[in-house]
$ cat my_file-v1.txt   # compact mmCIF, C-alpha atoms and all ligand atoms
# COMPACT_ATOMS: atom_id res chain seq x y z
CA MET Z 1 -85.24 -33.89 54.62
CA ILE Z 2 -82.21 -32.15 53.13
CA THR Z 3 -81.70 -31.83 49.38
CA ALA Z 4 -78.40 -30.76 47.87
CA LEU Z 5 -77.50 -29.65 44.36
CA ALA Z 6 -74.20 -31.32 43.58
CA GLY Z 7 -71.28 -31.34 41.17
CA GLY Z 8 -68.25 -33.51 41.86
CA VAL Z 9 -65.52 -33.11 44.44
CA GLY Z 10 -66.65 -29.96 46.30
CA ALA Z 11 -70.12 -31.44 46.56
CA ALA Z 12 -68.82 -34.82 47.72
CA ARG Z 13 -66.99 -33.09 50.58
CA MET Z 14 -70.14 -31.20 51.56
CA LEU Z 15 -72.28 -34.33 51.41
CA ARG Z 16 -69.95 -36.44 53.55
CA GLY Z 17 -70.51 -33.75 56.22
CA LEU Z 18 -74.27 -33.60 55.77
CA VAL Z 19 -74.61 -37.36 56.31
CA ARG Z 20 -72.72 -36.95 59.58
CA VAL Z 21 -75.12 -34.36 61.00
CA VAL Z 22 -78.42 -35.79 59.78
CA PRO Z 23 -79.32 -39.44 59.17
CA PRO Z 24 -78.02 -40.35 55.66
CA ALA Z 25 -81.49 -41.56 54.62
CA GLU Z 26 -82.70 -37.96 55.03
CA VAL Z 27 -80.15 -36.60 52.56
CA THR Z 28 -80.86 -36.43 48.82
CA ALA Z 29 -78.38 -35.12 46.27
CA VAL Z 30 -79.45 -33.97 42.82
CA VAL Z 31 -76.30 -34.54 40.82
CA ASN Z 32 -74.99 -32.91 37.64
CA THR Z 33 -74.89 -35.20 34.61
CA GLY Z 34 -73.75 -32.53 32.13
CA ASP Z 35 -70.18 -33.88 32.45
CA ASP Z 36 -71.26 -37.37 31.39
CA THR Z 37 -69.53 -38.83 28.38
CA VAL Z 38 -69.17 -42.02 26.41
CA LEU Z 39 -65.64 -43.42 26.00
CA HIS Z 40 -64.73 -46.88 24.66
CA GLY Z 41 -68.49 -47.40 24.41
CA LEU Z 42 -68.84 -46.95 28.18
CA HIS Z 43 -71.26 -44.54 29.85
CA ILE Z 44 -69.22 -42.45 32.31
CA CYS Z 45 -70.80 -40.18 34.97
CA PRO Z 46 -67.89 -38.35 36.64
CA ASP Z 47 -69.88 -36.34 39.18
CA LEU Z 48 -72.19 -39.18 40.24
CA ASP Z 49 -69.13 -41.38 40.69
CA SER Z 50 -67.15 -38.77 42.68
CA VAL Z 51 -70.06 -38.38 45.08
CA THR Z 52 -70.70 -42.14 45.25
CA TYR Z 53 -67.07 -43.09 45.91
CA THR Z 54 -66.71 -40.38 48.57
CA LEU Z 55 -69.89 -41.33 50.42
CA ALA Z 56 -68.80 -44.99 50.25
CA SER Z 57 -65.36 -43.93 51.64
CA MET Z 58 -63.76 -45.45 48.52
CA ASN Z 59 -62.41 -42.23 47.04
CA ASP Z 60 -58.77 -41.33 46.51
CA GLU Z 61 -58.23 -38.21 48.66
CA GLU Z 62 -54.87 -37.29 47.17
CA ARG Z 63 -55.67 -37.60 43.49
CA GLY Z 64 -59.04 -36.02 44.12
CA TRP Z 65 -60.97 -38.36 41.77
CA GLY Z 66 -61.49 -42.07 41.31
CA GLN Z 67 -61.02 -44.86 43.82
CA ALA Z 68 -58.36 -45.38 46.46
CA GLY Z 69 -55.96 -48.26 45.83
CA GLU Z 70 -56.67 -48.05 42.10
CA THR Z 71 -54.53 -49.86 39.50
CA TRP Z 72 -54.13 -49.00 35.81
CA ALA Z 73 -53.47 -52.27 33.96
CA VAL Z 74 -56.27 -51.70 31.44
CA MET Z 75 -55.07 -48.18 30.56
CA GLU Z 76 -51.50 -49.47 30.08
CA ALA Z 77 -52.69 -52.27 27.82
CA LEU Z 78 -54.91 -49.83 25.92
CA GLU Z 79 -52.00 -47.45 25.42
CA ARG Z 80 -49.94 -50.24 23.86
CA LEU Z 81 -52.74 -50.75 21.36
CA GLY Z 82 -52.74 -47.06 20.51
CA GLY Z 83 -56.16 -46.51 22.11
CA GLU Z 84 -57.33 -43.23 23.58
CA THR Z 85 -56.02 -42.89 27.15
CA TRP Z 86 -56.27 -39.14 27.87
CA PHE Z 87 -59.27 -39.82 30.13
CA ARG Z 88 -57.83 -42.12 32.78
CA LEU Z 89 -60.10 -44.96 33.84
CA GLY Z 90 -58.78 -47.15 36.64
CA ASP Z 91 -59.29 -50.92 36.70
CA ARG Z 92 -61.73 -50.80 39.62
CA ASP Z 93 -63.47 -47.70 38.31
CA LEU Z 94 -64.05 -49.51 35.00
CA ALA Z 95 -66.28 -52.00 36.80
CA THR Z 96 -68.69 -49.15 37.61
CA HIS Z 97 -68.80 -48.06 33.95
CA LEU Z 98 -69.18 -51.63 32.69
CA TYR Z 99 -72.05 -52.26 35.07
CA ARG Z 100 -73.78 -48.96 34.25
CA THR Z 101 -73.37 -49.38 30.50
CA GLN Z 102 -74.78 -52.92 30.50
CA ARG Z 103 -77.76 -51.93 32.65
CA LEU Z 104 -78.53 -48.95 30.39
CA ALA Z 105 -78.30 -51.30 27.40
CA ASP Z 106 -80.78 -53.58 29.19
CA GLY Z 107 -83.18 -50.64 29.20
CA ALA Z 108 -82.76 -49.47 32.80
CA ARG Z 109 -82.87 -45.72 33.46
CA LEU Z 110 -79.80 -43.89 34.79
CA SER Z 111 -81.67 -43.12 38.03
CA GLU Z 112 -82.36 -46.85 38.58
CA VAL Z 113 -78.78 -47.84 37.82
CA THR Z 114 -77.51 -45.13 40.17
CA GLY Z 115 -79.76 -46.55 42.90
CA GLU Z 116 -78.33 -50.02 42.26
CA ILE Z 117 -74.71 -48.86 42.38
CA THR Z 118 -75.13 -46.74 45.52
CA ALA Z 119 -77.00 -49.57 47.28
CA ALA Z 120 -74.29 -52.08 46.36
CA LEU Z 121 -71.57 -49.77 47.67
CA GLY Z 122 -73.41 -48.99 50.90
CA VAL Z 123 -74.19 -45.32 50.29
CA GLY Z 124 -76.92 -44.25 52.71
CA ALA Z 125 -77.86 -40.99 51.03
CA ARG Z 126 -80.10 -40.92 47.97
CA LEU Z 127 -78.34 -39.81 44.77
CA LEU Z 128 -80.57 -38.61 41.95
CA PRO Z 129 -79.19 -37.84 38.50
CA MET Z 130 -80.61 -34.43 37.57
CA SER Z 131 -82.25 -36.11 34.56
CA ASP Z 132 -82.41 -39.54 32.93
CA ASP Z 133 -82.23 -37.79 29.55
CA PRO Z 134 -78.84 -36.92 28.08
CA VAL Z 135 -77.69 -33.36 28.81
CA ARG Z 136 -74.22 -32.49 27.54
CA THR Z 137 -72.19 -29.47 28.60
CA ARG Z 138 -70.56 -27.90 25.54
CA VAL Z 139 -67.79 -25.34 25.72
CA THR Z 140 -66.93 -22.81 23.00
CA LEU Z 141 -63.28 -21.82 23.08
CA VAL Z 142 -62.20 -18.26 22.31
CA ASP Z 143 -61.41 -18.26 18.56
CA GLY Z 144 -62.05 -21.97 18.55
CA PRO Z 145 -64.60 -24.67 18.05
CA GLU Z 146 -67.30 -25.86 20.43
CA ILE Z 147 -66.06 -28.96 22.23
CA ASP Z 148 -67.34 -31.54 24.65
CA PHE Z 149 -66.87 -30.71 28.34
CA GLN Z 150 -64.37 -33.53 28.99
CA GLU Z 151 -62.33 -32.45 25.95
CA TYR Z 152 -62.00 -29.07 27.64
CA PHE Z 153 -61.63 -30.26 31.22
CA VAL Z 154 -59.43 -33.33 30.89
CA ARG Z 155 -57.84 -33.43 27.44
CA ARG Z 156 -56.97 -29.71 27.37
CA GLN Z 157 -56.73 -29.54 31.18
CA HIS Z 158 -58.96 -26.41 31.06
CA ALA Z 159 -55.88 -24.39 30.04
CA VAL Z 160 -57.75 -22.62 27.23
CA ALA Z 161 -59.95 -19.51 27.32
CA VAL Z 162 -63.71 -20.07 27.06
CA GLU Z 163 -66.19 -17.84 25.27
CA ALA Z 164 -69.47 -19.60 25.99
CA VAL Z 165 -70.96 -22.60 27.77
CA ARG Z 166 -74.26 -24.31 27.02
CA PHE Z 167 -76.08 -27.38 28.26
CA ASP Z 168 -77.18 -29.27 25.20
CA GLY Z 169 -80.48 -31.05 25.81
CA ALA Z 170 -81.26 -29.34 29.13
CA ALA Z 171 -84.18 -27.21 27.94
CA ARG Z 172 -86.14 -30.22 26.70
CA CYS Z 173 -85.08 -32.80 29.30
CA THR Z 174 -87.39 -34.21 31.95
CA PRO Z 175 -86.16 -33.83 35.55
CA GLY Z 176 -85.06 -37.16 37.02
CA PRO Z 177 -87.69 -39.12 38.98
CA GLY Z 178 -88.04 -37.55 42.43
CA VAL Z 179 -85.92 -34.49 41.66
CA LEU Z 180 -88.60 -31.78 41.84
CA ASP Z 181 -90.32 -33.48 44.80
CA ALA Z 182 -87.01 -33.63 46.67
CA LEU Z 183 -86.56 -29.89 46.13
CA ALA Z 184 -90.15 -28.97 46.97
CA GLY Z 185 -90.22 -31.15 50.09
CA ALA Z 186 -86.82 -30.31 51.56
CA ASP Z 187 -86.45 -28.50 54.88
CA VAL Z 188 -83.22 -27.07 53.52
CA VAL Z 189 -81.86 -27.00 49.98
CA VAL Z 190 -78.07 -26.80 49.91
CA ILE Z 191 -76.22 -25.56 46.84
CA CYS Z 192 -72.90 -27.34 47.34
CA PRO Z 193 -69.54 -25.59 46.78
CA SER Z 194 -69.24 -26.83 43.21
CA ASN Z 195 -68.33 -25.01 40.03
CA PRO Z 196 -71.28 -22.58 39.61
CA VAL Z 197 -70.93 -22.47 35.82
CA VAL Z 198 -70.41 -26.08 34.74
CA SER Z 199 -71.52 -28.14 37.79
CA ILE Z 200 -74.46 -26.27 39.32
CA GLY Z 201 -75.34 -24.47 36.04
CA PRO Z 202 -76.58 -27.66 34.31
CA VAL Z 203 -78.73 -28.66 37.32
CA LEU Z 204 -80.34 -25.21 37.38
CA ALA Z 205 -80.99 -25.53 33.63
CA VAL Z 206 -83.21 -28.60 34.15
CA PRO Z 207 -86.81 -27.42 33.65
CA GLY Z 208 -88.48 -26.61 36.98
CA VAL Z 209 -85.38 -26.69 39.19
CA ALA Z 210 -84.57 -22.96 39.25
CA ASP Z 211 -88.27 -22.07 39.62
CA CYS Z 212 -88.60 -24.39 42.58
CA LEU Z 213 -85.58 -22.79 44.25
CA ARG Z 214 -86.88 -19.26 43.60
CA GLN Z 215 -90.14 -20.17 45.33
CA ARG Z 216 -88.29 -21.61 48.32
CA ARG Z 217 -85.45 -19.09 48.41
CA ASP Z 218 -85.60 -18.67 52.21
CA ARG Z 219 -84.71 -22.31 52.63
CA VAL Z 220 -81.92 -22.36 50.10
CA VAL Z 221 -78.36 -22.06 51.42
CA ALA Z 222 -75.39 -21.92 49.05
CA VAL Z 223 -71.75 -22.47 50.00
CA SER Z 224 -69.24 -20.47 47.95
CA PRO Z 225 -66.78 -22.59 45.94
CA ILE Z 226 -64.71 -19.44 45.47
CA VAL Z 227 -62.43 -18.72 48.42
CA ALA Z 228 -60.36 -15.52 48.54
CA GLY Z 229 -60.98 -14.83 44.86
CA ALA Z 230 -59.95 -18.26 43.59
CA ALA Z 231 -61.23 -21.78 43.11
CA LEU Z 232 -59.57 -24.30 45.42
CA ARG Z 233 -59.11 -26.45 42.33
CA GLY Z 234 -60.39 -26.49 38.77
CA PRO Z 235 -61.45 -23.66 36.48
CA ALA Z 236 -64.42 -22.12 38.36
CA ASP Z 237 -62.67 -18.79 38.89
CA ARG Z 238 -61.45 -18.49 35.29
CA LEU Z 239 -64.80 -19.60 33.84
CA MET Z 240 -66.64 -17.00 35.91
CA ALA Z 241 -64.25 -14.25 34.76
CA GLU Z 242 -64.36 -15.38 31.12
CA LEU Z 243 -68.15 -15.31 31.16
CA GLY Z 244 -68.22 -11.81 32.65
CA GLU Z 245 -68.70 -12.47 36.36
CA GLU Z 246 -66.32 -11.40 39.10
CA PRO Z 247 -64.59 -14.53 40.49
CA SER Z 248 -65.38 -13.79 44.12
CA VAL Z 249 -68.02 -14.46 46.75
CA VAL Z 250 -69.82 -11.37 45.43
CA GLY Z 251 -69.90 -12.88 41.95
CA VAL Z 252 -71.21 -16.17 43.38
CA ALA Z 253 -73.87 -14.23 45.33
CA ARG Z 254 -74.94 -12.45 42.15
CA MET Z 255 -75.25 -15.76 40.27
CA TYR Z 256 -77.39 -17.35 43.01
CA ALA Z 257 -79.23 -14.31 44.45
CA ALA Z 258 -82.61 -15.13 42.91
CA MET Z 259 -82.50 -18.70 44.23
CA ALA Z 260 -80.55 -18.69 47.49
CA GLY Z 261 -81.50 -16.57 50.49
CA THR Z 262 -78.22 -17.33 52.25
CA LEU Z 263 -74.60 -17.66 51.13
CA VAL Z 264 -71.91 -19.16 53.36
CA VAL Z 265 -68.51 -17.63 52.57
CA ASP Z 266 -65.08 -18.47 53.89
CA GLU Z 267 -63.50 -16.53 56.76
CA SER Z 268 -60.92 -15.20 54.34
CA ASP Z 269 -63.76 -13.41 52.55
CA ALA Z 270 -65.22 -11.76 55.66
CA ALA Z 271 -64.41 -8.30 54.32
CA ARG Z 272 -66.85 -8.82 51.43
CA ALA Z 273 -69.84 -9.96 53.50
CA GLU Z 274 -71.43 -6.52 53.37
CA GLU Z 275 -71.34 -6.46 49.55
CA VAL Z 276 -73.03 -9.88 49.52
CA GLU Z 277 -75.75 -8.60 51.85
CA MET Z 278 -76.27 -5.57 49.62
CA LEU Z 279 -77.44 -8.01 46.94
CA GLY Z 280 -80.21 -9.13 49.28
CA VAL Z 281 -78.40 -12.35 50.23
CA ARG Z 282 -77.79 -13.12 53.89
CA CYS Z 283 -74.09 -13.78 54.36
CA ILE Z 284 -72.68 -16.23 56.90
CA VAL Z 285 -68.92 -16.23 57.45
CA ALA Z 286 -67.39 -19.58 58.49
CA PRO Z 287 -64.42 -21.84 57.75
CA THR Z 288 -65.39 -23.52 54.47
CA ILE Z 289 -62.26 -25.44 53.46
CA MET Z 290 -63.06 -29.12 54.03
CA ARG Z 291 -59.76 -30.94 54.48
CA THR Z 292 -61.15 -33.57 56.85
CA VAL Z 293 -64.51 -35.21 57.44
CA ASP Z 294 -64.76 -33.23 60.67
CA ASP Z 295 -64.34 -30.00 58.67
CA SER Z 296 -67.16 -31.19 56.43
CA ALA Z 297 -69.43 -32.01 59.38
CA ARG Z 298 -68.81 -28.62 61.00
CA LEU Z 299 -69.63 -26.81 57.78
CA ALA Z 300 -72.74 -28.97 57.32
CA ALA Z 301 -73.97 -27.98 60.79
CA THR Z 302 -73.38 -24.30 59.95
CA VAL Z 303 -75.27 -24.64 56.66
CA LEU Z 304 -78.27 -26.37 58.24
CA GLY Z 305 -78.21 -24.00 61.20
CA ALA Z 306 -78.71 -21.13 58.76
CA VAL Z 307 -82.33 -22.16 58.29
CA SER Z 308 -84.26 -21.71 61.50
CA GLY Z 309 -86.40 -24.37 63.11
CA LEU Z 310 -84.05 -27.19 62.17
CA THR Z 311 -82.21 -29.47 64.55
CA THR Z 312 -79.21 -31.62 63.77
CA THR Z 313 -77.69 -34.41 65.77
CA ASP Z 314 -74.05 -33.96 66.64
CA ALA Z 315 -71.45 -35.41 64.29
CA SER Z 316 -71.51 -39.14 64.90
CA PRO Z 317 -69.72 -41.82 62.93
CA ARG Z 318 -71.80 -43.62 60.34
P1 LIG V 1 -65.72 -31.31 39.96
O1 LIG V 1 -67.02 -31.65 39.30
O2 LIG V 1 -65.03 -32.48 40.55
O3 LIG V 1 -64.86 -30.38 39.18
O4 LIG V 1 -66.07 -30.55 41.22
P2 LIG V 1 -67.09 -29.46 41.70
O5 LIG V 1 -67.68 -28.70 40.60
O6 LIG V 1 -67.94 -30.07 42.75
O7 LIG V 1 -66.06 -28.62 42.47
C1 LIG V 1 -65.15 -27.69 42.00
C2 LIG V 1 -65.23 -26.50 42.96
O8 LIG V 1 -65.35 -26.98 44.30
C3 LIG V 1 -64.03 -25.62 42.92
O9 LIG V 1 -64.48 -24.31 42.60
C4 LIG V 1 -63.49 -25.66 44.34
O10 LIG V 1 -63.04 -24.38 44.75
C5 LIG V 1 -64.67 -26.12 45.16
N1 LIG V 1 -64.29 -26.85 46.35
C6 LIG V 1 -63.67 -28.06 46.42
N2 LIG V 1 -63.43 -28.39 47.70
C7 LIG V 1 -63.92 -27.37 48.46
C8 LIG V 1 -63.95 -27.09 49.87
O11 LIG V 1 -63.47 -27.87 50.69
N3 LIG V 1 -64.55 -25.92 50.28
C9 LIG V 1 -65.07 -25.02 49.39
N4 LIG V 1 -65.63 -23.90 49.85
N5 LIG V 1 -65.04 -25.24 48.05
C10 LIG V 1 -64.47 -26.39 47.61
CA CA V 2 -67.67 -32.35 37.39

$ encode --input "my_file-v1.txt" --output "structure tokens"
Amino acid sequence: MITALAGGVGAARMLRGLVRVVPPAEVTAVVNTGDDTVLHGLHICPDLDSVTYTLASMNDEERGWGQAGETWAVMEALERLGGETWFRLGDRDLATHLYRTQRLADGARLSEVTGEITAALGVGARLLPMSDDPVRTRVTLVDGPEIDFQEYFVRRQHAVAVEAVRFDGAARCTPGPGVLDALAGADVVVICPSNPVVSIGPVLAVPGVADCLRQRRDRVVAVSPIVAGAALRGPADRLMAELGEEPSVVGVARMYAAMAGTLVVDESDAARAEEVEMLGVRCIVAPTIMRTVDDSARLAATVLGAVSGLTTTDASPR
């Protein structure tokens, strides 16, 4: 069994590769819910949905979020009414949020609802919300107020300097059903190339998760989301710098050193492999930019190959 810690897009690309090299039923993803928000009374889980849509091959590759073939009639109608439209919700995407919100109102847990949605959409891997309890990522701006993560990320397009980040509710939340077992029982734990501060950070803040990784460090393989000193998209590099960490593979290695025995870095960072190893982290250099599903499958094979005694089948279509 393979268990991955996942944020949104970077994780979705890693996971679509993992399910090509091992049977999807053997892949579990523990997904960040710190980005979750309520808008128009709807419960929105951006990272769970990015991973779900990608694994269901329903994602929009170009836009990078949401569903392919999406239309925006509801947003246009809402705009005419003067409603809040800074967080774009497509017509098809809204069905997911309507379904989830109603089921939660019925008393179902987020983990159950996630299981229902992924089953309906034909996702073979198991997606586990990191917790069924609300955890909310909060961002303090330099000289500014503390705001909700989506206010920072979407409304302000992360174009503002950040002083601090915290995960409200994380310390007292209960890990989602199956989360700690999936980590304890995995042959390999993969830390996906997601934002280390605001995507992986909340998952590691769930009680028991970081401890479990520390105990199984030899089987934990991280993939650096920072390539040649920059994030491929999003604010990971700036957030790391603003919070006092070097935005580089060395900085990523420092953040994960206690939990991951191995870090996979991009070829363009080969010159820094020695510095990573000096932190006590084995460094594997490989192409890590996943433009195609084949790129993802190749990287997945490299990641799993990093832990000895594990065999993978060759990339075969699902
Ligand atoms: P979000 O929740 O959608 O913002 O996405 P994540 O937190 O999962 O991902 C953001 C990070 O993923 C950024 O730092 C990107 O550099 C990284 N990322 C996205 N695609 C790739 C990829 O193909 N390879 C690598 N190495 N990193 C990636
Ligand atoms: Ca996210």

$ closest_atom_pairs --input "my_file-v1.txt" --of "chain Z" --to "ligand CA 2 (chain V)" --cutoff "7 Å" --atoms "only C-alpha atoms and all ligand atoms" --output "Markdown table"
| residue | atom | partner | partner_atom | distance |
| --- | --- | --- | --- | --- |
| Z:Gly7 | CA | V:CA2 | CA | 5.3 |
| Z:Gly8 | CA | V:CA2 | CA | 4.7 |
| Z:Asp35 | CA | V:CA2 | CA | 5.7 |
| Z:Pro46 | CA | V:CA2 | CA | 6.1 |
| Z:Asp47 | CA | V:CA2 | CA | 4.9 |
| Z:Ser199 | CA | V:CA2 | CA | 5.7 |

$ residues_near_ligand --input "my_file-v1.txt" --ligand "ligand LIG 1 (chain V)" --cutoff "7 Å" --atoms "all atoms listed in the file" --output "ChimeraX atom specification"
/Z:6-13,47,50,193-195,198-199,223-227,230-237,266,288-291

$ closest_residue --input "my_file-v1.txt" --among "Z:Thr174, Z:Phe87, Z:Val190, Z:Leu121" --to "Z:Val154" --atoms "only C-alpha atoms"
Z:Phe87

$ residues_around --input "my_file-v1.txt" --residues "stretch 58-67 of chain Z" --least-positions-apart "3" --cutoff "8 Å" --atoms "all atoms listed in the file" --output "list in words"
Val9, Asp49, Ser50, Tyr53, Thr54, Leu55, Glu70, Gly90, Arg92 and Asp93 of chain Z

$ closest_residue --input "my_file-v1.txt" --among "Z:Ala222, Z:Val264, Z:Val307, Z:Val113" --to "Z:Pro287" --atoms "only C-alpha atoms"
Z:Val264

$ residues_near_point --input "my_file-v1.txt" --point "(-74.6, -50.1, 25.1)" --cutoff "8 Å" --atoms "all atoms listed in the file" --output "PyMOL selection string"
chain Z and resi 41-42+101-102+104-105
